[in-house]
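Source file: input-v3.cif; contents: mmCIF, C-alpha atoms.
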```
data_final
loop_
_atom_site.label_atom_id
_atom_site.label_comp_id
_atom_site.auth_asym_id
_atom_site.auth_seq_id
_atom_site.Cartn_x
_atom_site.Cartn_y
_atom_site.Cartn_z
CA MET X 1 -75.13 -42.04 98.29
CA LYS X 2 -76.52 -38.52 98.55
CA ASN X 3 -79.76 -39.71 100.16
CA SER X 4 -77.93 -41.75 102.77
CA TYR X 5 -75.81 -38.73 103.60
CA LYS X 6 -78.93 -36.64 104.10
CA PHE X 7 -80.51 -39.35 106.24
CA PHE X 8 -77.47 -39.59 108.48
CA LEU X 9 -77.37 -35.81 108.73
CA VAL X 10 -81.00 -35.63 109.83
CA CYS X 11 -80.49 -38.46 112.32
CA PHE X 12 -77.42 -36.80 113.74
CA CYS X 13 -79.24 -33.50 114.13
CA PHE X 14 -82.19 -35.21 115.83
CA MET X 15 -79.96 -37.08 118.27
CA ALA X 16 -77.91 -33.98 119.00
CA GLY X 17 -81.10 -32.03 119.68
CA THR X 18 -82.50 -34.74 121.94
CA LEU X 19 -79.30 -34.93 123.92
CA PHE X 20 -79.21 -31.20 124.21
CA LEU X 21 -82.79 -31.07 125.48
CA HIS X 22 -82.09 -33.86 127.92
CA PHE X 23 -79.07 -32.16 129.40
CA SER X 24 -80.40 -28.60 129.27
CA ALA X 25 -83.92 -29.33 130.62
CA PHE X 26 -82.82 -31.48 133.54
CA ASP X 27 -84.17 -29.13 136.20
CA ALA X 28 -87.34 -28.36 134.29
CA PHE X 29 -88.63 -31.93 134.44
CA ALA X 30 -88.20 -32.04 138.18
CA SER X 31 -90.50 -29.17 138.94
CA GLU X 32 -94.17 -29.12 138.16
CA ASN X 33 -94.55 -25.42 137.51
CA ALA X 34 -91.79 -25.21 134.89
CA TRP X 35 -93.21 -27.50 132.23
CA ARG X 36 -94.17 -24.67 129.81
CA PRO X 37 -90.63 -23.33 129.17
CA THR X 38 -89.43 -26.88 128.62
CA TYR X 39 -92.29 -27.57 126.25
CA ASP X 40 -91.49 -24.37 124.31
CA LEU X 41 -87.85 -25.32 124.11
CA VAL X 42 -88.63 -28.83 122.87
CA LEU X 43 -91.00 -27.50 120.24
CA ARG X 44 -88.42 -24.95 119.14
CA TRP X 45 -85.97 -27.77 118.64
CA VAL X 46 -88.53 -29.85 116.82
CA ASN X 47 -89.33 -26.88 114.60
CA PHE X 48 -85.63 -26.36 114.05
CA PHE X 49 -85.17 -30.00 112.96
CA ILE X 50 -88.20 -29.80 110.72
CA MET X 51 -86.76 -26.67 109.15
CA VAL X 52 -83.38 -28.35 108.70
CA PHE X 53 -85.07 -31.41 107.20
CA LEU X 54 -87.06 -29.26 104.76
CA ILE X 55 -84.01 -27.22 103.78
CA VAL X 56 -81.95 -30.37 103.25
CA LYS X 57 -84.76 -32.14 101.41
CA PHE X 58 -85.96 -29.38 99.11
CA ALA X 59 -83.27 -26.70 99.00
CA GLY X 60 -80.23 -28.95 99.34
CA LYS X 61 -80.03 -30.10 95.73
CA PRO X 62 -80.64 -26.65 94.16
CA LEU X 63 -78.28 -25.06 96.66
CA MET X 64 -75.58 -27.65 95.94
CA ASP X 65 -76.19 -27.32 92.20
CA PHE X 66 -75.88 -23.54 92.53
CA LEU X 67 -72.66 -23.86 94.53
CA ARG X 68 -71.22 -26.41 92.07
CA GLY X 69 -72.20 -24.14 89.16
CA ARG X 70 -70.53 -21.17 90.83
CA LYS X 71 -67.50 -23.33 91.56
CA GLU X 72 -67.29 -24.33 87.88
CA GLU X 73 -67.81 -20.72 86.72
CA ILE X 74 -65.14 -19.45 89.08
CA SER X 75 -62.70 -22.24 88.13
CA SER X 76 -63.40 -21.56 84.43
CA GLU X 77 -62.82 -17.85 84.99
CA ILE X 78 -59.61 -18.60 86.89
CA ARG X 79 -58.38 -20.83 84.04
CA HIS X 80 -59.26 -18.10 81.55
CA LEU X 81 -57.40 -15.50 83.62
CA GLU X 82 -54.42 -17.87 83.95
CA THR X 83 -54.22 -18.27 80.16
CA GLU X 84 -54.55 -14.50 79.72
CA ARG X 85 -51.80 -14.02 82.31
CA GLU X 86 -49.55 -16.44 80.42
CA ILE X 87 -50.29 -14.68 77.12
CA ILE X 88 -49.59 -11.30 78.70
CA SER X 89 -46.36 -12.57 80.26
CA VAL X 90 -45.25 -13.87 76.83
CA LYS X 91 -46.12 -10.49 75.31
CA ILE X 92 -44.20 -8.72 78.08
CA LYS X 93 -41.17 -10.93 77.41
CA GLU X 94 -41.44 -10.19 73.69
CA ALA X 95 -41.73 -6.47 74.43
CA MET X 96 -38.70 -6.61 76.71
CA THR X 97 -36.74 -8.46 74.02
CA THR X 98 -37.84 -5.91 71.43
CA LEU X 99 -36.89 -3.10 73.79
CA ASP X 100 -33.44 -4.62 74.36
CA GLU X 101 -32.99 -5.06 70.61
CA SER X 102 -34.13 -1.49 69.94
CA GLU X 103 -31.74 -0.17 72.59
CA THR X 104 -28.90 -2.13 70.99
CA ARG X 105 -29.96 -0.90 67.56
CA PHE X 106 -30.23 2.67 68.86
CA ALA X 107 -26.71 2.42 70.28
CA GLN X 108 -25.43 1.13 66.92
CA ILE X 109 -27.23 3.90 65.02
CA LYS X 110 -25.85 6.47 67.43
CA GLU X 111 -22.34 5.04 67.00
CA ASN X 112 -22.72 5.09 63.20
CA ILE X 113 -23.94 8.68 63.27
CA VAL X 114 -20.99 9.71 65.45
CA LYS X 115 -18.57 7.91 63.08
CA GLN X 116 -20.18 9.55 60.06
CA GLY X 117 -20.00 12.91 61.80
CA GLU X 118 -16.32 12.39 62.62
CA SER X 119 -15.50 11.35 59.05
CA LYS X 120 -17.53 14.28 57.67
CA LYS X 121 -15.69 16.60 60.07
CA ALA X 122 -12.34 15.22 58.93
CA GLU X 123 -13.47 15.61 55.30
CA ILE X 124 -14.53 19.20 55.89
CA ILE X 125 -11.27 20.01 57.69
CA SER X 126 -9.26 18.37 54.90
CA GLY X 127 -11.24 20.21 52.24
CA ALA X 128 -10.90 23.49 54.11
CA SER X 129 -7.17 22.91 54.51
CA GLN X 130 -6.76 22.22 50.78
CA GLU X 131 -8.95 25.17 49.93
CA SER X 132 -6.95 27.46 52.20
CA ILE X 133 -3.73 26.22 50.55
CA MET X 134 -5.27 26.96 47.14
CA ILE X 135 -6.44 30.39 48.30
CA ILE X 136 -2.97 31.17 49.67
CA GLU X 137 -1.33 29.96 46.44
CA LYS X 138 -3.78 31.99 44.37
CA ALA X 139 -3.14 35.05 46.52
CA ARG X 140 0.64 34.51 46.17
CA GLN X 141 0.31 34.16 42.39
CA SER X 142 -1.93 37.22 42.28
CA ALA X 143 0.59 39.17 44.34
CA GLU X 144 3.46 38.04 42.08
CA PHE X 145 1.42 38.97 39.02
CA GLN X 146 0.62 42.37 40.50
CA LEU X 147 4.31 42.81 41.38
CA LEU X 148 5.38 41.85 37.82
CA LYS X 149 2.74 44.18 36.41
CA ALA X 150 3.94 46.99 38.68
CA LYS X 151 7.59 46.31 37.65
CA GLU X 152 6.59 46.30 33.97
CA LYS X 153 4.66 49.53 34.39
CA LEU X 154 7.58 51.07 36.30
CA ARG X 155 10.01 49.97 33.57
CA ASN X 156 7.72 51.32 30.84
CA ASP X 157 7.30 54.58 32.71
CA MET X 158 11.07 54.85 33.18
CA ILE X 159 11.66 54.09 29.51
CA ASP X 160 9.08 56.70 28.49
CA GLN X 161 10.58 59.29 30.79
CA SER X 162 14.11 58.49 29.70
CA PHE X 163 12.96 58.67 26.09
CA GLU X 164 11.39 62.06 26.69
CA ILE X 165 14.50 63.27 28.47
CA ALA X 166 16.66 61.89 25.67
CA LEU X 167 14.49 63.61 23.06
CA GLU X 168 14.92 66.86 24.85
CA LYS X 169 18.72 66.55 25.39
CA ILE X 170 19.86 64.68 22.26
CA PRO X 171 19.09 67.43 19.78
CA GLN X 172 21.24 69.76 21.79
CA VAL X 173 24.18 67.34 22.14
CA ILE X 174 24.15 65.68 18.67
CA THR X 175 26.17 67.24 15.93
CA GLU X 176 25.94 66.87 12.19
CA GLN X 177 28.78 64.41 12.15
CA ASP X 178 26.97 62.23 14.76
CA LYS X 179 23.86 62.24 12.59
CA LYS X 180 25.87 61.09 9.60
CA ASN X 181 27.53 58.28 11.63
CA LEU X 182 24.14 57.10 12.88
CA VAL X 183 22.74 56.91 9.37
CA ASP X 184 25.82 55.00 8.16
CA ASN X 185 25.56 52.52 11.05
CA TYR X 186 21.88 52.04 10.33
CA VAL X 187 22.55 51.30 6.69
CA LYS X 188 25.31 48.85 7.55
CA ASP X 189 23.03 47.02 10.03
CA THR X 190 20.21 46.72 7.53
CA ALA X 191 22.46 45.51 4.77
CA LYS X 192 23.58 42.48 6.67
#
```

Taking this structure as input, can you express it in the form of structure tokens?
Amino acid sequence: MKNSYKFFLVCFCFMAGTLFLHFSAFDAFASENAWRPTYDLVLRWVNFFIMVFLIVKFAGKPLMDFLRGRKEEISSEIRHLETEREIISVKIKEAMTTLDESETRFAQIKENIVKQGESKKAEIISGASQESIMIIEKARQSAEFQLLKAKEKLRNDMIDQSFEIALEKIPQVITEQDKKNLVDNYVKDTAK
């Protein structure tokens, strides 16, 4: 099949060249002085066809093998790149899914932290409120205790002063009869 193709190609080139020479050298055959340019042209075409024949005969198969090899290499490389592209697109989809999940998880963590912060804040406020109530109660009790202490001290001071005043004035006001009545009353009270 390949050889017949080459044969038809060579035949076609030869016929095309002959027709071209026939139509292009029409005037040259009519004149006697112009045979050399026509001869040169014909030999150029013959050389051209010989060159084409040699290229097709000897370089055609290696050239076609080279082109087929390059075609296979390129198609193999394209297939490889396609599979890599598919793998990368799968990885990108996985990364996007992971990113979406991490954003959702981040939002949940943020929400949990805010809730914990709010509850901790409420706890701190409640504790501070209870502590302030305890401090106020303690301060009130301390103030009452200080007031009772001050009243007791005032009463004791008043008693001491009144006792001193009484000790100073009683000996001047008490008579012998009053002394005797006091002793009798004391004896009666102790006898009971």

Please, what is the axis-aligned box for every listed atom of range 117-131 of chain X with 4 Å on each side, as centre and edge lengths in Å to one decimal, as AutoDock Vina command-line options?
```
--center_x -13.4 --center_y 18.3 --center_z 56.3 --size_x 21.2 --size_y 21.8 --size_z 20.7
```

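Across the structure, CA of Ile74 in chain X and CA of Lys57 in chain X are spaced 26.4 Å apart.
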
What does the distance from CA of Glu168 in chain X to CA of Lys180 in chain X come to in Å, to one decimal?
-> 19.6 Å

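For the pair CA of Leu167 in chain X and CA of Leu182 in chain X, the separation is 15.5 Å.
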
Could you write range 82-95 of chain X as a tab-separated table (two decimals), in the coordinates of the input, with N, CA and C atoms rebuilt where they are missing?
```
chain	number	residue	atom	x	y	z
X	82	GLU	N	-55.77	-17.28	83.96
X	82	GLU	CA	-54.42	-17.87	83.95
X	82	GLU	C	-53.86	-17.86	82.53
X	83	THR	N	-54.70	-18.26	81.55
X	83	THR	CA	-54.22	-18.27	80.16
X	83	THR	C	-53.94	-16.84	79.69
X	84	GLU	N	-54.81	-15.91	80.08
X	84	GLU	CA	-54.55	-14.50	79.72
X	84	GLU	C	-53.26	-14.01	80.36
X	85	ARG	N	-53.02	-14.42	81.62
X	85	ARG	CA	-51.80	-14.02	82.31
X	85	ARG	C	-50.57	-14.58	81.58
X	86	GLU	N	-50.67	-15.84	81.14
X	86	GLU	CA	-49.55	-16.44	80.42
X	86	GLU	C	-49.31	-15.72	79.09
X	87	ILE	N	-50.42	-15.41	78.39
X	87	ILE	CA	-50.29	-14.68	77.12
X	87	ILE	C	-49.67	-13.32	77.35
X	88	ILE	N	-50.12	-12.63	78.39
X	88	ILE	CA	-49.59	-11.30	78.70
X	88	ILE	C	-48.12	-11.40	79.10
X	89	SER	N	-47.76	-12.43	79.87
X	89	SER	CA	-46.36	-12.57	80.26
X	89	SER	C	-45.49	-12.85	79.05
X	90	VAL	N	-46.01	-13.63	78.07
X	90	VAL	CA	-45.25	-13.87	76.83
X	90	VAL	C	-45.10	-12.55	76.07
X	91	LYS	N	-46.18	-11.78	76.00
X	91	LYS	CA	-46.12	-10.49	75.31
X	91	LYS	C	-45.14	-9.54	76.00
X	92	ILE	N	-45.13	-9.57	77.33
X	92	ILE	CA	-44.20	-8.72	78.08
X	92	ILE	C	-42.76	-9.14	77.77
X	93	LYS	N	-42.52	-10.46	77.74
X	93	LYS	CA	-41.17	-10.93	77.41
X	93	LYS	C	-40.78	-10.50	76.01
X	94	GLU	N	-41.72	-10.63	75.06
X	94	GLU	CA	-41.44	-10.19	73.69
X	94	GLU	C	-41.16	-8.69	73.65
X	95	ALA	N	-41.95	-7.92	74.40
X	95	ALA	CA	-41.73	-6.47	74.43
X	95	ALA	C	-40.38	-6.13	75.04
```
